[in-house]
>>> print(open('data18.txt').read())   # compact mmCIF, C-alpha atoms and all ligand atoms
# COMPACT_ATOMS: atom_id res chain seq x y z
CA MET A 1 261.03 178.53 -50.03
CA ILE A 2 262.26 180.32 -53.16
CA TYR A 3 264.61 177.42 -53.91
CA SER A 4 261.88 174.80 -53.89
CA TYR A 5 259.64 177.03 -55.95
CA ASN A 6 262.34 177.16 -58.67
CA ILE A 7 262.76 173.43 -58.68
CA PHE A 8 259.04 173.06 -59.09
CA LYS A 9 259.13 175.52 -61.93
CA ASN A 10 262.03 173.69 -63.63
CA HIS A 11 260.41 170.32 -63.25
CA TYR A 12 257.21 171.72 -64.58
CA PHE A 13 259.03 173.12 -67.59
CA PHE A 14 260.73 169.80 -68.39
CA LEU A 15 257.53 167.89 -67.88
CA CYS A 16 255.83 170.15 -70.43
CA VAL A 17 258.63 169.60 -72.91
CA ILE A 18 258.44 165.85 -72.46
CA ILE A 19 254.65 165.81 -72.87
CA LEU A 20 254.92 167.96 -75.99
CA LEU A 21 257.60 165.73 -77.48
CA PHE A 22 255.51 162.67 -76.69
CA LEU A 23 252.40 164.17 -78.27
CA HIS A 24 254.36 165.23 -81.32
CA ASN A 25 255.87 161.81 -81.69
CA THR A 26 252.63 159.85 -81.35
CA SER A 27 250.72 162.10 -83.72
CA PHE A 28 253.57 161.72 -86.16
CA THR A 29 253.67 157.93 -86.03
CA LYS A 30 249.88 157.75 -86.29
CA GLU A 31 249.65 159.76 -89.48
CA LEU A 32 247.86 157.50 -91.94
CA ILE A 33 248.73 157.71 -95.61
CA SER A 34 246.87 155.65 -98.19
CA GLY A 35 248.94 153.64 -100.68
CA TYR A 36 247.38 155.87 -103.35
CA GLN A 37 249.70 158.71 -102.28
CA PHE A 38 252.75 156.53 -103.05
CA SER A 39 251.59 155.57 -106.54
CA GLU A 40 252.85 157.27 -109.65
CA PRO A 41 250.56 159.97 -111.10
CA SER A 42 249.91 157.80 -114.17
CA THR A 43 248.71 154.94 -111.93
CA GLN A 44 246.63 157.32 -109.82
CA ALA A 45 244.98 158.60 -113.01
CA ILE A 46 243.90 155.06 -113.94
CA GLN A 47 242.38 154.59 -110.48
CA ASP A 48 240.62 157.97 -110.56
CA ASP A 49 238.67 157.32 -113.74
CA ASP A 50 236.01 154.61 -113.49
CA PHE A 51 236.13 154.17 -117.27
CA THR A 52 239.86 153.47 -117.47
CA ASN A 53 240.14 151.63 -114.14
CA PRO A 54 240.28 148.00 -115.36
CA ALA A 55 239.01 146.70 -111.99
CA PHE A 56 235.54 147.79 -113.08
CA ILE A 57 235.45 144.83 -115.45
CA TRP A 58 235.43 142.66 -112.30
CA ILE A 59 232.82 144.84 -110.63
CA GLU A 60 230.53 144.65 -113.67
CA HIS A 61 231.03 140.88 -113.74
CA GLY A 62 230.20 140.77 -110.01
CA LYS A 63 226.92 142.59 -110.67
CA GLN A 64 225.93 139.88 -113.14
CA ILE A 65 226.73 137.05 -110.73
CA TRP A 66 224.87 138.84 -107.93
CA LYS A 67 221.64 138.55 -109.94
CA GLN A 68 222.30 135.21 -111.64
CA LYS A 69 219.77 132.57 -110.55
CA GLN A 70 221.35 129.18 -109.87
CA VAL A 71 219.69 126.18 -111.47
CA SER A 72 220.16 124.07 -108.32
CA SER A 73 218.44 126.42 -105.87
CA GLU A 74 216.55 128.88 -108.09
CA LEU A 75 218.27 131.52 -105.96
CA SER A 76 220.65 134.37 -106.64
CA CYS A 77 222.44 136.49 -104.04
CA ASN A 78 219.88 139.13 -104.95
CA SER A 79 216.94 136.84 -104.00
CA CYS A 80 217.87 137.08 -100.32
CA HIS A 81 219.93 140.25 -100.02
CA GLY A 82 218.14 142.45 -102.55
CA GLU A 83 219.97 145.16 -104.45
CA VAL A 84 223.72 145.01 -103.88
CA LYS A 85 223.72 148.56 -102.55
CA ASN A 86 222.05 147.11 -99.44
CA MET A 87 225.48 145.60 -98.67
CA LYS A 88 226.98 149.03 -97.99
CA GLY A 89 229.21 148.89 -94.91
CA ILE A 90 229.25 145.07 -94.67
CA SER A 91 232.87 144.74 -95.84
CA LEU A 92 234.03 147.02 -93.00
CA LYS A 93 233.24 144.27 -90.47
CA TYR A 94 235.66 141.77 -92.05
CA PRO A 95 237.76 139.81 -91.14
CA LYS A 96 235.12 138.71 -88.66
CA ILE A 97 234.61 135.85 -86.18
CA ASN A 98 232.14 133.30 -87.57
CA ASP A 99 229.80 130.92 -85.78
CA GLU A 100 232.62 128.41 -85.29
CA LYS A 101 234.70 131.11 -83.51
CA LYS A 102 237.11 131.23 -86.44
CA LEU A 103 238.30 134.41 -88.08
CA ILE A 104 237.22 134.62 -91.74
CA ASN A 105 237.43 137.30 -94.40
CA LEU A 106 234.81 138.53 -96.83
CA GLU A 107 235.75 136.07 -99.58
CA GLN A 108 235.31 133.16 -97.18
CA LYS A 109 231.94 134.53 -96.06
CA ILE A 110 230.79 134.72 -99.69
CA ASN A 111 231.73 131.06 -100.07
CA ILE A 112 229.86 130.15 -96.88
CA CYS A 113 226.71 131.77 -98.26
CA ARG A 114 227.15 129.84 -101.47
CA THR A 115 227.51 126.46 -99.75
CA ASN A 116 225.12 126.93 -96.82
CA LYS A 117 222.36 128.97 -98.44
CA MET A 118 222.58 127.96 -102.10
CA ASN A 119 223.99 124.42 -102.13
CA LEU A 120 226.78 125.48 -104.43
CA LYS A 121 230.45 124.58 -104.46
CA LYS A 122 233.00 126.97 -103.01
CA LEU A 123 234.68 129.30 -105.46
CA GLN A 124 238.45 128.88 -105.68
CA PRO A 125 240.67 131.43 -103.90
CA GLU A 126 241.64 134.25 -106.34
CA SER A 127 239.16 132.97 -108.95
CA LYS A 128 237.53 135.56 -111.16
CA ASN A 129 234.04 135.04 -109.73
CA LEU A 130 235.09 135.19 -106.08
CA LEU A 131 237.16 138.35 -106.53
CA ALA A 132 234.40 139.88 -108.64
CA LEU A 133 231.88 139.41 -105.81
CA SER A 134 234.35 140.55 -103.17
CA ALA A 135 235.24 143.68 -105.17
CA LEU A 136 231.56 144.40 -105.84
CA LEU A 137 230.65 144.13 -102.13
CA THR A 138 233.65 146.17 -100.93
CA PHE A 139 232.97 148.79 -103.60
CA GLN A 140 229.60 149.42 -101.90
CA SER A 141 231.60 150.76 -98.93
CA LYS A 142 233.77 153.09 -101.02
CA GLY A 143 234.12 156.43 -99.22
CA LEU A 144 233.27 154.98 -95.79
CA MET A 145 235.86 155.02 -93.04
CA GLN A 146 237.73 151.90 -92.01
CA LYS A 147 236.95 151.33 -88.34
CA ILE A 148 237.25 147.71 -87.33
CA GLU A 149 236.63 146.97 -83.65
CA ILE A 150 238.99 144.87 -81.55
CA ASN A 151 237.03 143.11 -78.81
CA THR A 152 237.29 140.10 -76.53
CA GLU A 153 236.21 137.81 -79.38
CA ASN A 154 238.83 138.76 -81.95
CA LYS A 155 241.63 139.90 -79.60
CA LYS A 156 243.63 136.67 -79.76
CA TRP A 157 243.63 136.86 -83.59
CA PHE A 158 244.63 140.49 -83.41
CA ASP A 159 247.54 139.56 -81.13
CA LEU A 160 248.64 136.86 -83.58
CA GLY A 161 248.44 139.37 -86.45
CA GLU A 162 250.54 141.89 -84.54
CA LYS A 163 253.11 139.23 -83.72
CA LEU A 164 253.37 138.19 -87.38
CA TYR A 165 253.61 141.81 -88.49
CA PHE A 166 256.76 142.36 -86.42
CA LYS A 167 258.26 138.88 -86.92
CA LYS A 168 261.50 138.77 -88.90
CA ILE A 169 261.20 136.06 -91.53
CA GLY A 170 262.75 134.60 -94.66
CA GLN A 171 266.23 134.59 -96.09
CA MET A 172 266.49 138.34 -95.63
CA GLY A 173 265.14 138.32 -92.08
CA LEU A 174 262.65 141.08 -92.81
CA SER A 175 259.41 141.82 -90.98
CA CYS A 176 256.42 143.63 -92.50
CA SER A 177 257.20 146.51 -90.17
CA GLN A 178 260.74 146.90 -91.45
CA CYS A 179 259.36 147.80 -94.85
CA HIS A 180 255.94 149.31 -94.08
CA ASP A 181 256.99 151.38 -91.03
CA GLU A 182 260.75 151.84 -91.27
CA ARG A 183 261.24 152.16 -95.04
CA VAL A 184 258.11 154.09 -96.01
CA GLY A 185 258.77 156.35 -99.02
CA LYS A 186 261.97 154.51 -99.97
CA ASN A 187 262.26 152.71 -103.28
CA LEU A 188 262.25 148.96 -103.63
CA ARG A 189 263.06 148.12 -107.21
CA ALA A 190 260.66 150.30 -109.19
CA GLU A 191 258.19 150.90 -106.35
CA LYS A 192 257.82 153.29 -103.45
CA ILE A 193 257.15 151.45 -100.23
CA SER A 194 253.87 152.57 -98.66
CA GLN A 195 252.47 152.00 -95.18
CA GLY A 196 250.96 148.77 -96.51
CA HIS A 197 247.29 149.56 -95.97
CA VAL A 198 244.39 147.44 -97.15
CA ASN A 199 241.81 150.18 -97.88
CA GLY A 200 241.92 149.66 -101.66
CA PHE A 201 241.46 145.87 -101.82
CA PRO A 202 240.66 143.91 -103.87
CA THR A 203 243.19 145.94 -105.85
CA TYR A 204 244.00 145.84 -109.55
CA LEU A 205 247.69 145.10 -110.13
CA LEU A 206 248.89 146.39 -113.50
CA ARG A 207 251.80 143.93 -113.47
CA TRP A 208 249.43 140.97 -113.33
CA SER A 209 246.59 142.49 -115.37
CA LYS A 210 244.15 141.25 -112.71
CA ILE A 211 242.77 142.08 -109.31
CA ALA A 212 244.26 140.55 -106.18
CA SER A 213 242.99 139.96 -102.65
CA VAL A 214 244.76 141.10 -99.47
CA HIS A 215 246.01 137.55 -98.90
CA ARG A 216 247.47 137.32 -102.39
CA ARG A 217 249.23 140.67 -101.89
CA ILE A 218 250.76 139.49 -98.61
CA GLN A 219 251.94 136.32 -100.35
CA PHE A 220 253.62 138.50 -102.95
CA CYS A 221 255.34 140.54 -100.22
CA ASN A 222 256.51 137.29 -98.63
CA GLU A 223 257.89 136.09 -101.96
CA GLN A 224 259.68 139.40 -102.57
CA ALA A 225 261.30 139.20 -99.14
CA ARG A 226 262.18 135.54 -99.86
CA ALA A 227 260.01 134.19 -97.06
CA LEU A 228 257.73 131.17 -97.35
CA PRO A 229 254.17 132.37 -97.89
CA PHE A 230 251.17 130.99 -96.01
CA LYS A 231 248.08 129.76 -97.82
CA ILE A 232 245.29 132.08 -98.89
CA PHE A 233 242.54 131.89 -96.20
CA SER A 234 245.06 130.65 -93.62
CA ASN A 235 244.59 131.68 -89.99
CA GLU A 236 247.88 133.55 -90.23
CA TYR A 237 246.82 135.74 -93.15
CA ASN A 238 243.41 136.41 -91.63
CA ALA A 239 245.11 137.47 -88.40
CA LEU A 240 247.46 139.72 -90.39
CA GLN A 241 244.53 141.13 -92.37
CA LEU A 242 242.73 141.96 -89.11
CA TYR A 243 245.82 143.69 -87.74
CA MET A 244 246.44 145.58 -91.01
CA THR A 245 242.79 146.69 -91.11
CA TRP A 246 242.96 147.98 -87.51
CA ARG A 247 246.23 149.74 -88.30
CA GLY A 248 244.46 151.64 -91.07
CA ASN A 249 241.39 152.58 -88.98
CA GLY A 250 240.55 156.12 -90.05
CA LEU A 251 241.42 155.65 -93.73
CA VAL A 252 238.66 155.84 -96.29
CA ILE A 253 237.81 152.81 -98.48
CA GLU A 254 239.08 153.34 -102.05
CA THR A 255 238.18 149.97 -103.58
CA PRO A 256 238.93 149.23 -106.36
CA ALA A 257 242.45 150.70 -106.11
CA VAL A 258 245.07 150.36 -108.86
CA ARG A 259 248.73 149.62 -108.19
CA LYS A 260 251.75 148.82 -110.31
C1 LIG A 301 218.91 131.86 -99.09
C2 LIG A 301 219.27 133.22 -98.78
C3 LIG A 301 220.66 133.70 -99.11
C4 LIG A 301 221.31 133.65 -100.32
C5 LIG A 301 220.86 133.05 -101.61
C6 LIG A 301 222.58 134.35 -100.11
N1 LIG A 301 222.66 134.77 -98.82
FE1 LIG A 301 224.20 135.84 -98.02
N2 LIG A 301 223.29 135.76 -96.19
C7 LIG A 301 222.04 135.25 -95.95
C8 LIG A 301 221.72 135.42 -94.54
C9 LIG A 301 220.42 134.97 -93.85
C10 LIG A 301 222.82 136.07 -93.96
C11 LIG A 301 223.00 136.49 -92.49
C12 LIG A 301 223.28 135.34 -91.62
C13 LIG A 301 224.64 134.76 -91.84
O1 LIG A 301 225.64 135.49 -91.70
O2 LIG A 301 224.73 133.58 -92.20
C14 LIG A 301 223.79 136.27 -95.03
C15 LIG A 301 225.01 136.89 -94.86
C16 LIG A 301 225.85 137.27 -95.91
C17 LIG A 301 227.04 138.08 -95.76
C18 LIG A 301 227.58 138.63 -94.44
C19 LIG A 301 226.76 139.78 -93.93
C20 LIG A 301 227.29 140.33 -92.62
O3 LIG A 301 226.59 141.18 -92.05
O4 LIG A 301 228.39 139.95 -92.19
C21 LIG A 301 227.59 138.22 -96.98
C22 LIG A 301 228.84 138.99 -97.33
C23 LIG A 301 226.74 137.50 -97.91
N3 LIG A 301 225.70 136.95 -97.22
C24 LIG A 301 226.98 137.39 -99.27
C25 LIG A 301 226.21 136.63 -100.14
C26 LIG A 301 226.53 136.43 -101.54
C27 LIG A 301 227.72 137.04 -102.25
C28 LIG A 301 225.58 135.62 -102.04
C29 LIG A 301 225.48 135.06 -103.42
C30 LIG A 301 226.61 134.23 -103.86
C31 LIG A 301 224.66 135.32 -100.96
N4 LIG A 301 225.07 135.94 -99.83
C32 LIG A 301 223.53 134.53 -101.09
C33 LIG A 301 221.21 134.66 -96.87
C34 LIG A 301 221.52 134.42 -98.18
C1 LIG A 302 261.00 144.02 -98.58
C2 LIG A 302 259.99 144.97 -98.22
C3 LIG A 302 258.62 144.47 -97.90
C4 LIG A 302 258.24 143.58 -96.90
C5 LIG A 302 259.14 142.85 -95.92
C6 LIG A 302 256.81 143.52 -96.94
N1 LIG A 302 256.31 144.31 -97.94
FE1 LIG A 302 254.36 144.71 -98.30
N2 LIG A 302 254.89 145.83 -99.91
C7 LIG A 302 256.18 146.09 -100.32
C8 LIG A 302 256.15 146.86 -101.55
C9 LIG A 302 257.36 147.37 -102.33
C10 LIG A 302 254.79 147.03 -101.88
C11 LIG A 302 254.22 147.75 -103.11
C12 LIG A 302 254.25 149.23 -102.89
C13 LIG A 302 253.33 149.59 -101.76
O1 LIG A 302 252.12 149.68 -101.98
O2 LIG A 302 253.82 149.71 -100.62
C14 LIG A 302 254.03 146.41 -100.80
C15 LIG A 302 252.65 146.42 -100.72
C16 LIG A 302 251.91 145.92 -99.65
C17 LIG A 302 250.49 146.07 -99.50
C18 LIG A 302 249.57 146.81 -100.45
C19 LIG A 302 249.49 148.27 -100.17
C20 LIG A 302 248.61 149.01 -101.12
O3 LIG A 302 248.30 150.20 -100.84
O4 LIG A 302 248.19 148.46 -102.14
C21 LIG A 302 250.14 145.41 -98.35
C22 LIG A 302 248.76 145.25 -97.77
C23 LIG A 302 251.36 144.85 -97.79
N3 LIG A 302 252.41 145.19 -98.61
C24 LIG A 302 251.42 144.08 -96.64
C25 LIG A 302 252.58 143.47 -96.17
C26 LIG A 302 252.62 142.56 -95.05
C27 LIG A 302 251.43 142.14 -94.22
C28 LIG A 302 253.93 142.17 -94.90
C29 LIG A 302 254.52 141.18 -93.92
C30 LIG A 302 254.04 139.82 -94.03
C31 LIG A 302 254.70 142.86 -95.93
N4 LIG A 302 253.85 143.61 -96.69
C32 LIG A 302 256.06 142.76 -96.09
C33 LIG A 302 257.32 145.74 -99.65
C34 LIG A 302 257.39 144.89 -98.55
>>> encode(input="data18.txt", output="structure tokens", more="lines below")
Ligand code: HEC
Ligand code: HEC
Amino acid sequence: MIYSYNIFKNHYFFLCVIILLFLHNTSFTKELISGYQFSEPSTQAIQDDDFTNPAFIWIEHGKQIWKQKQVSSELSCNSCHGEVKNMKGISLKYPKINDEKKLINLEQKINICRTNKMNLKKLQPESKNLLALSALLTFQSKGLMQKIEINTENKKWFDLGEKLYFKKIGQMGLSCSQCHDERVGKNLRAEKISQGHVNGFPTYLLRWSKIASVHRRIQFCNEQARALPFKIFSNEYNALQLYMTWRGNGLVIETPAVRK
């Protein structure tokens, strides 16, 4: 009787230890840190001040395009959507499944509105006007929490994104995870590797003196790891963007962020 009681007690003790270790471990791996925390103080200072943050040139430009009436349709974005502040929270839903059951990001949706609702041509990927509108719309969600939902509709894209995130690629055989999970805080050339979140995009890159989309940033990571990049707006990058967004659920939107 006493013997079995002790065993129960011992098992109970070990079980508690294991549960505690497990809880500690999961809360540790789930700690979310924005890329901002890995930036140098001088770069953070540029981001913090709306007057010195050069990304605001794009946002101001975006405001102009938002209200610009097109000769062809007599319409501006503003004619249908009203003040741009009405778009608060919209960017949080992207990448999103469209009517054709394809995953698209915010830049692609902007282009769809241009072609379908305004009879205009698509804006080129990474063009000034497209990034200006994308930055303007995402800026409306600044301060809101990233909380994308994974559901039956987007699950297969999410799975593809997760697969790509852990896939070892390129001449160096490196996956995203090997840098953005395993080497967080370590230096790569002149930069500190962050968790690779997307809560500041479109982001101003000082090295390029321009803003860049999530897809362009991933291309750059691919190039740095000597892997062949996919195309901007490819299914692969949209799937990765969905996975990266989910991975950062709980972070606050900081657009427009500034990085080296
Ligand atoms: C003729 C009216 C019209 C014009 C002009 C227009 N839109 Fe739209 N837009 C809509 C409608 C209606 C929807 C919702 C239905 C849909 O998603 O197609 C929408 C949806 C959107 C969405 C997605 C909203 C969501 O909840 O996911 C974005 C982003 C957007 N528009 C951006 C723009 C931008 C940027 C412009 C200017 C370049 C623009 N739209 C011009 C009518 C318009
Ligand atoms: C060889 C290491 C390495 C690999 C592999 C790598 N990255 Fe990066 N990544 C970096 C570095 C360095 C930066 C710039 C510093 C930072 O923000 O982490 C960066 C930045 C980013 C950022 C921007 C973070 C921010 O806050 O601005 C994203 C998003 C990102 N990477 C996604 C990816 C994805 C997705 C993959 C896989 C396809 C990938 N990276 C592969 C090193 C890597």
>>> residues_around(input="data18.txt", residues="Gln195 in chain A", least_positions_apart="4", cutoff="12 Å", atoms="all atoms listed in the file", output="NGL selection string")
:A and (29-39 or 176-186 or 199 or 244-245 or 247-248 or 251)
>>> closest_residue(input="data18.txt", among="A:Gln124, A:Thr138, A:Asn119, A:Gln171", to="Gly62 in chain A", atoms="all atoms listed in the file")
A:Thr138
>>> residues_around(input="data18.txt", residues="range 221-236 of chain A", least_positions_apart="3", cutoff="6 Å", atoms="all atoms listed in the file", output="VMD selection string")
chain A and resid 169 to 171 215 218 239
>>> residues_around(input="data18.txt", residues="Asn86 in chain A", least_positions_apart="3", cutoff="12 Å", atoms="only C-alpha atoms", output="ChimeraX atom specification")
/A:77-78,80-83,89-91,136-141
>>> residues_near_ligand(input="data18.txt", ligand="ligand LIG 301 (chain A)", cutoff="10 Å", atoms="only C-alpha atoms and all ligand atoms", output="MDAnalysis selection string")
chainID A and resid 62 65:70 73:82 84 87:99 105:120 122:123 129:130 132:134 136:138
>>> atom_distance(input="data18.txt", atom1="CA of Asn238 in chain A", atom2="CA of Arg217 in chain A")
12.5 Å
>>> axis_aligned_box(input="data18.txt", around="range 234-238 of chain A", padding_each_side="8 Å", output="AutoDock Vina command-line options")
--center_x 245.6 --center_y 133.5 --center_z -91.8 --size_x 20.5 --size_y 21.8 --size_z 19.6
>>> atom_distance(input="data18.txt", atom1="atom FE1 of ligand LIG 302 (chain A)", atom2="CA of Phe166 in chain A")
12.3 Å
>>> atom_distance(input="data18.txt", atom1="atom C7 of ligand LIG 302 (chain A)", atom2="CA of Ile46 in chain A")
20.4 Å
>>> closest_residue(input="data18.txt", among="A:Leu188, A:Leu103, A:Ala45, A:Ala55", to="ligand LIG 302 (chain A)", atoms="only C-alpha atoms and all ligand atoms")
A:Leu188
>>> closest_residue(input="data18.txt", among="A:Pro202, A:Pro54, A:Gly196, A:Pro125", to="ligand LIG 302 (chain A)", atoms="all atoms listed in the file")
A:Gly196
>>> closest_residue(input="data18.txt", among="A:Ile150, A:Ile57, A:Ala135, A:Ala190", to="ligand LIG 302 (chain A)", atoms="only C-alpha atoms and all ligand atoms")
A:Ala190
>>> closest_residue(input="data18.txt", among="A:His61, A:Lys121, A:Lys102, A:Lys192", to="ligand LIG 302 (chain A)", atoms="all atoms listed in the file")
A:Lys192
>>> closest_residue(input="data18.txt", among="A:Ser175, A:Thr152, A:Gln146, A:Asn249", to="ligand LIG 302 (chain A)", atoms="only C-alpha atoms and all ligand atoms")
A:Ser175
>>> residues_around(input="data18.txt", residues="Arg259 in chain A", least_positions_apart="3", cutoff="7 Å", atoms="all atoms listed in the file", output="list in words")
Ser39, Thr43, Tyr204, Leu205 and Leu206 of chain A
>>> decode(input="data18.txt", residues="range 168-227 of chain A", atoms="C-alpha atoms", output="compact mmCIF listing (two decimals), in the first residue's frame")
# COMPACT_ATOMS: atom_id res chain seq x y z
CA LYS A 168 16.70 23.27 -47.65
CA ILE A 169 17.55 25.01 -50.92
CA GLY A 170 20.33 26.54 -52.98
CA GLN A 171 24.05 26.04 -53.13
CA MET A 172 24.31 26.39 -49.37
CA GLY A 173 21.39 24.06 -48.63
CA LEU A 174 19.77 26.53 -46.26
CA SER A 175 16.11 26.75 -45.29
CA CYS A 176 14.38 29.91 -44.06
CA SER A 177 14.11 28.23 -40.67
CA GLN A 178 17.85 27.66 -40.39
CA CYS A 179 18.37 31.41 -40.39
CA HIS A 180 15.12 32.78 -38.94
CA ASP A 181 14.68 30.18 -36.15
CA GLU A 182 18.10 28.65 -35.56
CA ARG A 183 20.39 31.65 -36.10
CA VAL A 184 18.28 34.44 -34.62
CA GLY A 185 20.47 37.17 -33.10
CA LYS A 186 23.60 35.97 -34.93
CA ASN A 187 25.35 38.20 -37.44
CA LEU A 188 25.26 37.64 -41.16
CA ARG A 189 27.65 40.06 -42.76
CA ALA A 190 26.68 43.40 -41.25
CA GLU A 191 23.19 42.36 -40.13
CA LYS A 192 21.61 40.66 -37.16
CA ILE A 193 19.33 37.85 -38.23
CA SER A 194 15.78 38.40 -36.96
CA GLN A 195 12.83 36.03 -36.78
CA GLY A 196 11.94 37.14 -40.31
CA HIS A 197 8.54 38.67 -39.61
CA VAL A 198 6.45 40.60 -42.11
CA ASN A 199 4.75 43.11 -39.77
CA GLY A 200 6.66 46.11 -41.14
CA PHE A 201 6.08 45.60 -44.88
CA PRO A 202 6.25 47.27 -47.31
CA THR A 203 9.56 48.15 -45.67
CA TYR A 204 12.07 50.84 -46.59
CA LEU A 205 15.51 49.35 -47.23
CA LEU A 206 18.29 51.89 -46.70
CA ARG A 207 20.64 49.87 -48.92
CA TRP A 208 18.31 50.23 -51.89
CA SER A 209 16.93 53.69 -51.05
CA LYS A 210 13.43 52.37 -51.77
CA ILE A 211 10.62 50.38 -50.24
CA ALA A 212 10.28 46.66 -50.91
CA SER A 213 7.41 44.18 -50.73
CA VAL A 214 7.48 40.91 -48.79
CA HIS A 215 8.04 38.99 -52.03
CA ARG A 216 11.00 41.16 -52.99
CA ARG A 217 12.52 40.65 -49.52
CA ILE A 218 12.16 36.87 -49.81
CA GLN A 219 13.82 37.03 -53.23
CA PHE A 220 16.70 38.89 -51.63
CA CYS A 221 17.00 36.22 -48.92
CA ASN A 222 17.02 33.56 -51.63
CA GLU A 223 19.77 35.41 -53.50
CA GLN A 224 21.85 35.80 -50.33
CA ALA A 225 21.57 32.08 -49.63
CA ARG A 226 22.44 31.40 -53.31
CA ALA A 227 19.09 29.81 -54.09
